[in-house]
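Below is the file entry.pdb, which contains PDB, C-alpha atoms (C1' of nucleotides).
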ATOM      1  CA  MET A   1     -16.244  65.587 -18.646
ATOM      2  CA  ALA A   2     -17.645  64.345 -21.956
ATOM      3  CA  ARG A   3     -20.029  61.424 -22.092
ATOM      4  CA  LEU A   4     -20.006  59.388 -25.305
ATOM      5  CA  LEU A   5     -22.441  56.695 -26.347
ATOM      6  CA  ILE A   6     -20.893  54.067 -28.620
ATOM      7  CA  ARG A   7     -22.909  50.967 -29.534
ATOM      8  CA  GLY A   8     -24.711  51.250 -26.197
ATOM      9  CA  PHE A   9     -21.475  51.586 -24.217
ATOM     10  CA  GLU A  10     -21.583  54.752 -22.127
ATOM     11  CA  VAL A  11     -18.068  56.211 -21.903
ATOM     12  CA  TRP A  12     -17.436  58.890 -19.296
ATOM     13  CA  LYS A  13     -14.164  60.468 -20.452
ATOM     14  CA  SER A  14     -12.016  61.967 -17.661
ATOM     15  CA  HIS A  15     -14.598  61.284 -14.978
ATOM     16  CA  LEU A  16     -11.892  61.138 -12.270
ATOM     17  CA  ASP A  17      -9.276  63.875 -11.888
ATOM     18  CA  SER A  18      -5.662  62.989 -11.105
ATOM     19  CA  LYS A  19      -6.133  63.529  -7.377
ATOM     20  CA  ALA A  20      -9.056  61.088  -7.277
ATOM     21  CA  GLN A  21      -7.056  58.599  -9.356
ATOM     22  CA  ALA A  22      -4.116  58.766  -6.942
ATOM     23  CA  ALA A  23      -6.477  58.324  -3.984
ATOM     24  CA  LEU A  24      -7.917  55.200  -5.614
ATOM     25  CA  ILE A  25      -4.437  53.726  -6.066
ATOM     26  CA  ASP A  26      -3.776  54.387  -2.371
ATOM     27  CA  ALA A  27      -7.060  52.663  -1.474
ATOM     28  CA  LEU A  28      -6.081  49.665  -3.596
ATOM     29  CA  ARG A  29      -2.683  49.207  -1.982
ATOM     30  CA  PRO A  30      -3.898  47.379   1.179
ATOM     31  CA  ILE A  31      -6.316  45.318  -0.907
ATOM     32  CA  LEU A  32      -3.538  44.073  -3.170
ATOM     33  CA  LYS A  33      -1.490  43.260  -0.097
ATOM     34  CA  ALA A  34      -4.281  41.219   1.526
ATOM     35  CA  ALA A  35      -5.469  39.647  -1.722
ATOM     36  CA  PRO A  36      -2.466  39.433  -4.071
ATOM     37  CA  LEU A  37      -2.876  39.463  -7.831
ATOM     38  CA  PHE A  38      -2.908  36.013  -9.393
ATOM     39  CA  ASN A  39      -2.531  34.798 -12.943
ATOM     40  CA  PRO A  40      -5.716  32.983 -13.976
ATOM     41  CA  SER A  41      -6.163  30.435 -16.705
ATOM     42  CA  THR A  42      -9.151  29.868 -18.926
ATOM     43  CA  ALA A  43     -11.446  26.876 -18.554
ATOM     44  CA  SER A  44      -9.447  25.219 -21.335
ATOM     45  CA  GLY A  45      -6.234  25.589 -19.314
ATOM     46  CA  LYS A  46      -4.639  28.488 -21.225
ATOM     47  CA  LYS A  47      -2.957  31.182 -19.165
ATOM     48  CA  MET A  48      -4.481  34.628 -19.365
ATOM     49  CA  SER A  49      -2.015  37.518 -19.668
ATOM     50  CA  VAL A  50      -3.944  39.679 -17.208
ATOM     51  CA  ARG A  51      -3.372  39.395 -13.453
ATOM     52  CA  MET A  52      -6.381  39.748 -11.190
ATOM     53  CA  THR A  53      -7.859  39.875  -7.734
ATOM     54  CA  SER A  54     -11.137  41.133  -6.259
ATOM     55  CA  ALA A  55     -12.830  43.041  -3.474
ATOM     56  CA  GLY A  56     -16.357  42.583  -2.186
ATOM     57  CA  SER A  57     -18.493  39.665  -1.021
ATOM     58  CA  CYS A  58     -17.513  37.646  -4.089
ATOM     59  CA  GLY A  59     -14.824  37.706  -6.756
ATOM     60  CA  TRP A  60     -14.634  36.420 -10.313
ATOM     61  CA  ILE A  61     -12.477  33.333 -10.739
ATOM     62  CA  SER A  62     -11.359  31.444 -13.807
ATOM     63  CA  ASP A  63      -9.524  28.143 -13.723
ATOM     64  CA  THR A  64      -9.807  24.721 -15.301
ATOM     65  CA  SER A  65     -13.075  24.195 -13.400
ATOM     66  CA  GLY A  66     -14.635  27.124 -15.254
ATOM     67  CA  TYR A  67     -15.854  30.674 -14.667
ATOM     68  CA  ARG A  68     -17.640  31.578 -11.454
ATOM     69  CA  TYR A  69     -17.822  33.906  -8.473
ATOM     70  CA  GLU A  70     -16.239  32.777  -5.198
ATOM     71  CA  PRO A  71     -16.429  34.246  -1.687
ATOM     72  CA  ASP A  72     -12.681  33.737  -1.113
ATOM     73  CA  HIS A  73      -9.349  34.550  -2.728
ATOM     74  CA  PRO A  74      -7.622  31.396  -4.087
ATOM     75  CA  ALA A  75      -5.338  31.532  -1.005
ATOM     76  CA  GLY A  76      -8.437  30.892   1.132
ATOM     77  CA  ARG A  77      -9.221  34.238   2.774
ATOM     78  CA  PRO A  78     -12.338  36.313   2.094
ATOM     79  CA  TRP A  79     -11.926  39.190  -0.365
ATOM     80  CA  PRO A  80     -11.339  42.610   1.226
ATOM     81  CA  ALA A  81     -14.251  45.055   1.312
ATOM     82  CA  ILE A  82     -14.860  47.437  -1.588
ATOM     83  CA  PRO A  83     -13.591  50.894  -0.548
ATOM     84  CA  GLU A  84     -16.117  53.709  -0.270
ATOM     85  CA  SER A  85     -14.252  55.742  -2.910
ATOM     86  CA  ILE A  86     -14.944  52.979  -5.445
ATOM     87  CA  LEU A  87     -18.587  52.573  -4.449
ATOM     88  CA  SER A  88     -19.072  56.273  -4.963
ATOM     89  CA  ILE A  89     -17.979  55.958  -8.625
ATOM     90  CA  TRP A  90     -20.714  53.347  -9.041
ATOM     91  CA  ARG A  91     -23.290  55.680  -7.466
ATOM     92  CA  ASP A  92     -22.253  58.631  -9.612
ATOM     93  CA  THR A  93     -22.240  56.797 -12.932
ATOM     94  CA  SER A  94     -25.016  54.222 -12.511
ATOM     95  CA  GLY A  95     -27.376  56.390 -10.467
ATOM     96  CA  LEU A  96     -28.545  53.250  -8.652
ATOM     97  CA  ASP A  97     -29.263  52.699  -4.954
ATOM     98  CA  ARG A  98     -28.252  49.053  -5.082
ATOM     99  CA  LEU A  99     -24.482  48.689  -4.683
ATOM    100  CA  PRO A 100     -22.207  46.201  -6.469
ATOM    101  CA  ASP A 101     -21.263  42.907  -4.767
ATOM    102  CA  SER A 102     -17.976  42.584  -6.538
ATOM    103  CA  CYS A 103     -15.054  44.685  -7.711
ATOM    104  CA  LEU A 104     -12.766  42.786 -10.043
ATOM    105  CA  ILE A 105      -9.271  44.313 -10.087
ATOM    106  CA  ASN A 106      -7.390  43.552 -13.292
ATOM    107  CA  TYR A 107      -3.747  44.503 -13.841
ATOM    108  CA  TYR A 108      -2.591  44.879 -17.441
ATOM    109  CA  GLY A 109       1.165  44.828 -18.074
ATOM    110  CA  GLU A 110       3.000  45.841 -21.229
ATOM    111  CA  ASP A 111       1.816  42.936 -23.362
ATOM    112  CA  THR A 112      -1.471  42.088 -21.680
ATOM    113  CA  LYS A 113      -4.504  41.675 -23.888
ATOM    114  CA  MET A 114      -8.057  40.608 -23.179
ATOM    115  CA  GLY A 115      -9.894  38.840 -25.952
ATOM    116  CA  LEU A 116     -13.434  39.731 -26.924
ATOM    117  CA  HIS A 117     -15.814  38.327 -24.296
ATOM    118  CA  GLN A 118     -19.155  38.851 -22.557
ATOM    119  CA  ASP A 119     -19.714  39.445 -18.825
ATOM    120  CA  LYS A 120     -22.405  36.865 -18.230
ATOM    121  CA  ASP A 121     -21.621  35.071 -14.993
ATOM    122  CA  GLU A 122     -24.007  37.278 -13.013
ATOM    123  CA  ALA A 123     -27.578  36.398 -12.048
ATOM    124  CA  ASP A 124     -29.422  39.469 -13.323
ATOM    125  CA  PHE A 125     -28.368  41.308 -16.465
ATOM    126  CA  SER A 126     -30.641  44.251 -15.759
ATOM    127  CA  TRP A 127     -27.897  45.642 -13.507
ATOM    128  CA  PRO A 128     -25.158  47.473 -15.401
ATOM    129  CA  VAL A 129     -21.429  46.767 -15.241
ATOM    130  CA  VAL A 130     -19.187  49.748 -14.433
ATOM    131  CA  SER A 131     -15.540  49.723 -15.509
ATOM    132  CA  VAL A 132     -12.899  52.192 -14.260
ATOM    133  CA  SER A 133      -9.576  52.771 -16.045
ATOM    134  CA  LEU A 134      -6.451  53.717 -14.077
ATOM    135  CA  GLY A 135      -2.902  54.070 -15.372
ATOM    136  CA  ASP A 136      -1.770  53.426 -18.934
ATOM    137  CA  ASP A 137      -3.973  53.973 -21.989
ATOM    138  CA  ALA A 138      -5.770  50.932 -23.346
ATOM    139  CA  LEU A 139      -7.353  50.234 -26.720
ATOM    140  CA  PHE A 140     -10.895  49.117 -25.893
ATOM    141  CA  ARG A 141     -12.861  47.193 -28.491
ATOM    142  CA  MET A 142     -16.663  47.172 -28.478
ATOM    143  CA  GLY A 143     -18.661  44.568 -30.334
ATOM    144  CA  ASN A 144     -22.166  43.205 -30.401
ATOM    145  CA  PRO A 145     -24.355  40.975 -28.190
ATOM    146  CA  THR A 146     -23.495  38.053 -30.469
ATOM    147  CA  ARG A 147     -20.107  37.076 -31.855
ATOM    148  CA  GLY A 148     -19.064  38.531 -35.180
ATOM    149  CA  GLY A 149     -20.075  41.690 -36.980
ATOM    150  CA  LYS A 150     -18.437  45.076 -36.908
ATOM    151  CA  THR A 151     -16.585  46.378 -33.864
ATOM    152  CA  GLU A 152     -15.424  49.840 -32.833
ATOM    153  CA  SER A 153     -12.314  50.735 -30.865
ATOM    154  CA  LEU A 154     -11.593  53.603 -28.510
ATOM    155  CA  TRP A 155      -8.524  54.522 -26.481
ATOM    156  CA  LEU A 156      -9.391  54.614 -22.779
ATOM    157  CA  SER A 157      -7.214  56.654 -20.461
ATOM    158  CA  SER A 158      -6.770  56.962 -16.728
ATOM    159  CA  GLY A 159      -9.895  58.324 -15.059
ATOM    160  CA  ASP A 160     -12.306  57.170 -17.772
ATOM    161  CA  VAL A 161     -15.358  55.155 -16.732
ATOM    162  CA  VAL A 162     -17.379  52.851 -19.009
ATOM    163  CA  VAL A 163     -20.932  51.850 -18.107
ATOM    164  CA  MET A 164     -22.218  48.727 -19.845
ATOM    165  CA  GLY A 165     -25.965  48.578 -19.413
ATOM    166  CA  GLY A 166     -29.097  48.135 -21.463
ATOM    167  CA  GLU A 167     -28.357  46.942 -24.989
ATOM    168  CA  ALA A 168     -24.600  46.829 -24.260
ATOM    169  CA  ARG A 169     -24.856  44.793 -21.041
ATOM    170  CA  LEU A 170     -24.129  41.532 -22.840
ATOM    171  CA  SER A 171     -22.072  42.968 -25.670
ATOM    172  CA  TYR A 172     -18.674  41.518 -26.476
ATOM    173  CA  HIS A 173     -15.739  43.724 -25.483
ATOM    174  CA  GLY A 174     -12.017  43.401 -24.885
ATOM    175  CA  ILE A 175      -8.631  45.108 -24.705
ATOM    176  CA  ASP A 176      -6.346  44.897 -27.730
ATOM    177  CA  ARG A 177      -3.344  46.918 -26.645
ATOM    178  CA  ILE A 178      -1.743  48.782 -23.744
ATOM    179  CA  ARG A 179       0.327  51.916 -24.352
ATOM    180  CA  PHE A 180       2.891  50.982 -21.724
ATOM    181  CA  LYS A 181       4.083  53.884 -19.552
ATOM    182  CA  SER A 182       1.769  56.354 -21.266
ATOM    183  CA  SER A 183       0.560  57.425 -17.802
ATOM    184  CA  ARG A 184       2.545  58.377 -14.723
ATOM    185  CA  LEU A 185      -0.089  57.175 -12.252
ATOM    186  CA  LEU A 186       1.664  53.834 -11.746
ATOM    187  CA  PRO A 187       5.431  54.491 -11.635
ATOM    188  CA  LYS A 188       6.196  50.944 -12.778
ATOM    189  CA  GLY A 189       3.742  51.250 -15.662
ATOM    190  CA  GLY A 190       0.676  49.236 -16.538
ATOM    191  CA  ARG A 191      -3.062  49.637 -16.254
ATOM    192  CA  ILE A 192      -5.513  48.758 -13.512
ATOM    193  CA  ASN A 193      -9.125  48.199 -14.453
ATOM    194  CA  LEU A 194     -11.846  48.005 -11.820
ATOM    195  CA  THR A 195     -15.004  46.168 -12.846
ATOM    196  CA  LEU A 196     -17.999  46.699 -10.585
ATOM    197  CA  ARG A 197     -20.850  44.199 -10.802
ATOM    198  CA  VAL A 198     -24.045  43.190  -9.062
ATOM    199  CA  VAL A 199     -23.540  39.433  -8.976
ATOM    200  CA  THR A 200     -26.382  37.930  -6.942
TER     201      THR A 200
ATOM    202  C1'  DG B   1     -15.649  29.766 -22.070
ATOM    203  C1'  DA B   2     -12.120  36.147 -20.775
ATOM    204  C1'  DG B   3      -6.594  32.348 -25.572
ATOM    205  C1'  DT B   4      -3.789  32.757 -30.036
ATOM    206  C1'  DT B   5      -3.139  33.579 -34.855
ATOM    207  C1'  DA B   6      -4.089  33.847 -39.908
ATOM    208  C1'  DC B   7      -5.664  36.369 -43.363
ATOM    209  C1'  DG B   8      -7.686  39.818 -46.623
TER     210       DG B   8
ATOM    211  C1'  DC C   1       1.228  47.345 -42.591
ATOM    212  C1'  DA C   2      -2.614  48.486 -39.378
ATOM    213  C1'  DC C   3      -6.946  46.955 -38.700
ATOM    214  C1'  DG C   4     -11.150  44.123 -38.174
TER     215       DG C   4
END

I need this file expressed as structure tokens, please.
Amino acid sequence: MARLLIRGFEVWKSHLDSKAQAALIDALRPILKAAPLFNPSTASGKKMSVRMTSAGSCGWISDTSGYRYEPDHPAGRPWPAIPESILSIWRDTSGLDRLPDSCLINYYGEDTKMGLHQDKDEADFSWPVVSVSLGDDALFRMGNPTRGGKTESLWLSSGDVVVMGGEARLSYHGIDRIRFKSSRLLPKGGRINLTLRVVT
DNA sequence: GAGTTACG
DNA sequence: CACG
């Protein structure tokens, strides 16, 4: 549907219809079984409210040792492969031949928030980051490449895709609020965000 | 350091 | 009292 450009963030509203969204949830089920969600902490030892896991050749990890990409789930097994249905969202929205190495899977519950941050643990910032929203609505905040200054917020809903490339690739962004049970995609409520990245 | 809160 |  509509494509908005806000501070360099490319927002594809309603990119995925409800059938495609349901198919993605089905594709995620075996991944979450093989690589269960875990509750990370920041480098300073504070618990994050989001729960996460990954698919792909590497996954983003945060613990008291710091932020990095690892080839294995904390339990020791390699991350599951990224399903074709997810790779095809990357192709459609990025238009690139190169595929992402990593798909971070974040689960947001009723009170989960994600503070303003940059995605900067990747080797080459010329590749965009693609973010897929599934489930409950989320208030997304978009800032600037440096801390401070004005920000703009936008409600993201299930099926929306955000592409962070170019001037927005290193821009601060975060999630301020979840409208719990605003969507019926996940019967128990909550939001799943998929973040696709070229890491290496 | 992807956290939390105060404050205008 | 919601927002930045």

message: Please expand the PyMOL selection byres ((chain A) within 8 of (chain B)) into the concrete residues it hits in this file, giving the result as a list in words.
response: Thr42, Ala43, Ser44, Lys46, Lys47, Met48, Gly66, Tyr67, Met114, Gly115, Leu116, His117 and Gln118 of chain A

Output as a JSON list (two decimals) with C-alpha atoms, in the coordinates of the input the set of chain A residues within 12 Å of chain C, with distances taken over all atoms listed in the file.
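File produced: selection.json:
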[["chain", "number", "residue", "atom", "x", "y", "z"],
["A", 141, "ARG", "CA", -12.86, 47.19, -28.49],
["A", 142, "MET", "CA", -16.66, 47.17, -28.48],
["A", 143, "GLY", "CA", -18.66, 44.57, -30.33],
["A", 148, "GLY", "CA", -19.06, 38.53, -35.18],
["A", 149, "GLY", "CA", -20.08, 41.69, -36.98],
["A", 150, "LYS", "CA", -18.44, 45.08, -36.91],
["A", 151, "THR", "CA", -16.58, 46.38, -33.86],
["A", 152, "GLU", "CA", -15.42, 49.84, -32.83],
["A", 153, "SER", "CA", -12.31, 50.74, -30.86],
["A", 176, "ASP", "CA", -6.35, 44.90, -27.73]]

Separation of atom CA of A:Trp79 from atom CA of A:Leu96, in Å and rounded to one decimal: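 Interatomic distance here is 23.3 Å.
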
- request: For atom CA of A:Ala2 and atom CA of A:Thr93, quote the distance in Å rounded to one decimal.
  value: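 Atom CA of A:Ala2 sits 12.6 Å away from atom CA of A:Thr93.
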
- request: Could you jot down the atom CA of A:Val199 to atom CA of A:Tyr69 separation for me, Å, one decimal place?
  value: 8.0 Å

field: Evaluate the PyMOL selection byres ((chain A and resi 198) around 7) and report residues as a PyMOL selection string
entry: chain A and resi 100-102+127+197+199-200

field: Within 7 Å of file point (-7.8, 38.0, -5.1), counting only C-alpha atoms (C1' of nucleotides), expressed as a VMD selection string
entry: chain A and resid 35 to 38 52 to 54 73 to 74 79

field: Selected residue, from A:Thr146, A:Ser14, A:Ser133, A:Ser94, that lies nearest to A:His173 when counting only C-alpha atoms
entry: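 Checking each of A:Thr146, A:Ser14, A:Ser133, A:Ser94 against A:His173, counting only C-alpha atoms, the winner is A:Thr146.
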
task: Report as a PyMOL selection string the full result of the PyMOL selection byres ((chain A and resi 15) around 8) when it is applied to this structure.
output: chain A and resi 1+12-14+16-17+159-161

Can you tell me, as a tab-separated table (two decimals) with C-alpha atoms, keeping the file's coordinate frame, which residues sit within 9 Å of (3.6, 48.7, -17.5) in the file's frame, using all atoms listed in the file?
chain	number	residue	atom	x	y	z
A	108	TYR	CA	-2.59	44.88	-17.44
A	109	GLY	CA	1.16	44.83	-18.07
A	110	GLU	CA	3.00	45.84	-21.23
A	111	ASP	CA	1.82	42.94	-23.36
A	135	GLY	CA	-2.90	54.07	-15.37
A	136	ASP	CA	-1.77	53.43	-18.93
A	178	ILE	CA	-1.74	48.78	-23.74
A	179	ARG	CA	0.33	51.92	-24.35
A	180	PHE	CA	2.89	50.98	-21.72
A	181	LYS	CA	4.08	53.88	-19.55
A	182	SER	CA	1.77	56.35	-21.27
A	186	LEU	CA	1.66	53.83	-11.75
A	187	PRO	CA	5.43	54.49	-11.64
A	188	LYS	CA	6.20	50.94	-12.78
A	189	GLY	CA	3.74	51.25	-15.66
A	190	GLY	CA	0.68	49.24	-16.54
A	191	ARG	CA	-3.06	49.64	-16.25

Because some atoms of stretch 35-57 of chain A are absent here, can you restore N, CA and C atoms and send them as a PDB file, in the coordinates of the input?
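Writing the result to out_35.pdb gives the following:
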ATOM      1  N   ALA A  35      -4.961  40.571  -0.688  1.00  0.00           N
ATOM      2  CA  ALA A  35      -5.469  39.647  -1.722  1.00  0.00           C
ATOM      3  C   ALA A  35      -4.611  39.818  -2.967  1.00  0.00           C
ATOM      4  N   PRO A  36      -3.422  39.196  -2.990  1.00  0.00           N
ATOM      5  CA  PRO A  36      -2.466  39.433  -4.071  1.00  0.00           C
ATOM      6  C   PRO A  36      -3.016  39.060  -5.448  1.00  0.00           C
ATOM      7  N   LEU A  37      -2.522  39.776  -6.444  1.00  0.00           N
ATOM      8  CA  LEU A  37      -2.876  39.463  -7.831  1.00  0.00           C
ATOM      9  C   LEU A  37      -2.460  38.032  -8.142  1.00  0.00           C
ATOM     10  N   PHE A  38      -3.281  37.348  -8.928  1.00  0.00           N
ATOM     11  CA  PHE A  38      -2.908  36.013  -9.393  1.00  0.00           C
ATOM     12  C   PHE A  38      -3.123  35.954 -10.904  1.00  0.00           C
ATOM     13  N   ASN A  39      -2.566  34.931 -11.494  1.00  0.00           N
ATOM     14  CA  ASN A  39      -2.531  34.798 -12.943  1.00  0.00           C
ATOM     15  C   ASN A  39      -3.484  33.678 -13.336  1.00  0.00           C
ATOM     16  N   PRO A  40      -4.715  34.020 -13.733  1.00  0.00           N
ATOM     17  CA  PRO A  40      -5.716  32.983 -13.976  1.00  0.00           C
ATOM     18  C   PRO A  40      -5.512  32.256 -15.301  1.00  0.00           C
ATOM     19  N   SER A  41      -6.136  31.119 -15.413  1.00  0.00           N
ATOM     20  CA  SER A  41      -6.163  30.435 -16.705  1.00  0.00           C
ATOM     21  C   SER A  41      -7.613  30.279 -17.142  1.00  0.00           C
ATOM     22  N   THR A  42      -7.797  30.069 -18.401  1.00  0.00           N
ATOM     23  CA  THR A  42      -9.151  29.868 -18.926  1.00  0.00           C
ATOM     24  C   THR A  42      -9.629  28.463 -18.560  1.00  0.00           C
ATOM     25  N   ALA A  43     -10.886  28.199 -18.825  1.00  0.00           N
ATOM     26  CA  ALA A  43     -11.446  26.876 -18.554  1.00  0.00           C
ATOM     27  C   ALA A  43     -10.712  25.805 -19.354  1.00  0.00           C
ATOM     28  N   SER A  44     -10.167  26.189 -20.504  1.00  0.00           N
ATOM     29  CA  SER A  44      -9.447  25.219 -21.335  1.00  0.00           C
ATOM     30  C   SER A  44      -7.974  25.093 -20.944  1.00  0.00           C
ATOM     31  N   GLY A  45      -7.574  25.774 -19.853  1.00  0.00           N
ATOM     32  CA  GLY A  45      -6.234  25.589 -19.314  1.00  0.00           C
ATOM     33  C   GLY A  45      -5.187  26.545 -19.852  1.00  0.00           C
ATOM     34  N   LYS A  46      -5.604  27.528 -20.695  1.00  0.00           N
ATOM     35  CA  LYS A  46      -4.639  28.488 -21.225  1.00  0.00           C
ATOM     36  C   LYS A  46      -4.468  29.656 -20.259  1.00  0.00           C
ATOM     37  N   LYS A  47      -3.224  30.063 -20.062  1.00  0.00           N
ATOM     38  CA  LYS A  47      -2.957  31.182 -19.165  1.00  0.00           C
ATOM     39  C   LYS A  47      -3.472  32.480 -19.768  1.00  0.00           C
ATOM     40  N   MET A  48      -4.107  33.286 -18.936  1.00  0.00           N
ATOM     41  CA  MET A  48      -4.481  34.628 -19.365  1.00  0.00           C
ATOM     42  C   MET A  48      -3.299  35.554 -19.072  1.00  0.00           C
ATOM     43  N   SER A  49      -3.152  36.608 -19.869  1.00  0.00           N
ATOM     44  CA  SER A  49      -2.015  37.518 -19.668  1.00  0.00           C
ATOM     45  C   SER A  49      -2.311  38.563 -18.601  1.00  0.00           C
ATOM     46  N   VAL A  50      -3.584  38.724 -18.249  1.00  0.00           N
ATOM     47  CA  VAL A  50      -3.944  39.679 -17.208  1.00  0.00           C
ATOM     48  C   VAL A  50      -3.711  39.045 -15.838  1.00  0.00           C
ATOM     49  N   ARG A  51      -3.413  39.879 -14.830  1.00  0.00           N
ATOM     50  CA  ARG A  51      -3.372  39.395 -13.453  1.00  0.00           C
ATOM     51  C   ARG A  51      -4.546  39.999 -12.711  1.00  0.00           C
ATOM     52  N   MET A  52      -5.152  39.264 -11.812  1.00  0.00           N
ATOM     53  CA  MET A  52      -6.381  39.748 -11.190  1.00  0.00           C
ATOM     54  C   MET A  52      -6.543  39.385  -9.731  1.00  0.00           C
ATOM     55  N   THR A  53      -7.379  40.184  -9.073  1.00  0.00           N
ATOM     56  CA  THR A  53      -7.859  39.875  -7.734  1.00  0.00           C
ATOM     57  C   THR A  53      -9.208  40.583  -7.601  1.00  0.00           C
ATOM     58  N   SER A  54      -9.813  40.525  -6.430  1.00  0.00           N
ATOM     59  CA  SER A  54     -11.137  41.133  -6.259  1.00  0.00           C
ATOM     60  C   SER A  54     -11.299  41.728  -4.877  1.00  0.00           C
ATOM     61  N   ALA A  55     -12.323  42.579  -4.768  1.00  0.00           N
ATOM     62  CA  ALA A  55     -12.830  43.041  -3.474  1.00  0.00           C
ATOM     63  C   ALA A  55     -14.332  42.816  -3.487  1.00  0.00           C
ATOM     64  N   GLY A  56     -14.915  42.770  -2.275  1.00  0.00           N
ATOM     65  CA  GLY A  56     -16.357  42.583  -2.186  1.00  0.00           C
ATOM     66  C   GLY A  56     -16.741  41.228  -1.620  1.00  0.00           C
ATOM     67  N   SER A  57     -18.025  40.923  -1.621  1.00  0.00           N
ATOM     68  CA  SER A  57     -18.493  39.665  -1.021  1.00  0.00           C
ATOM     69  C   SER A  57     -18.214  38.471  -1.921  1.00  0.00           C
TER      70      SER A  57
END
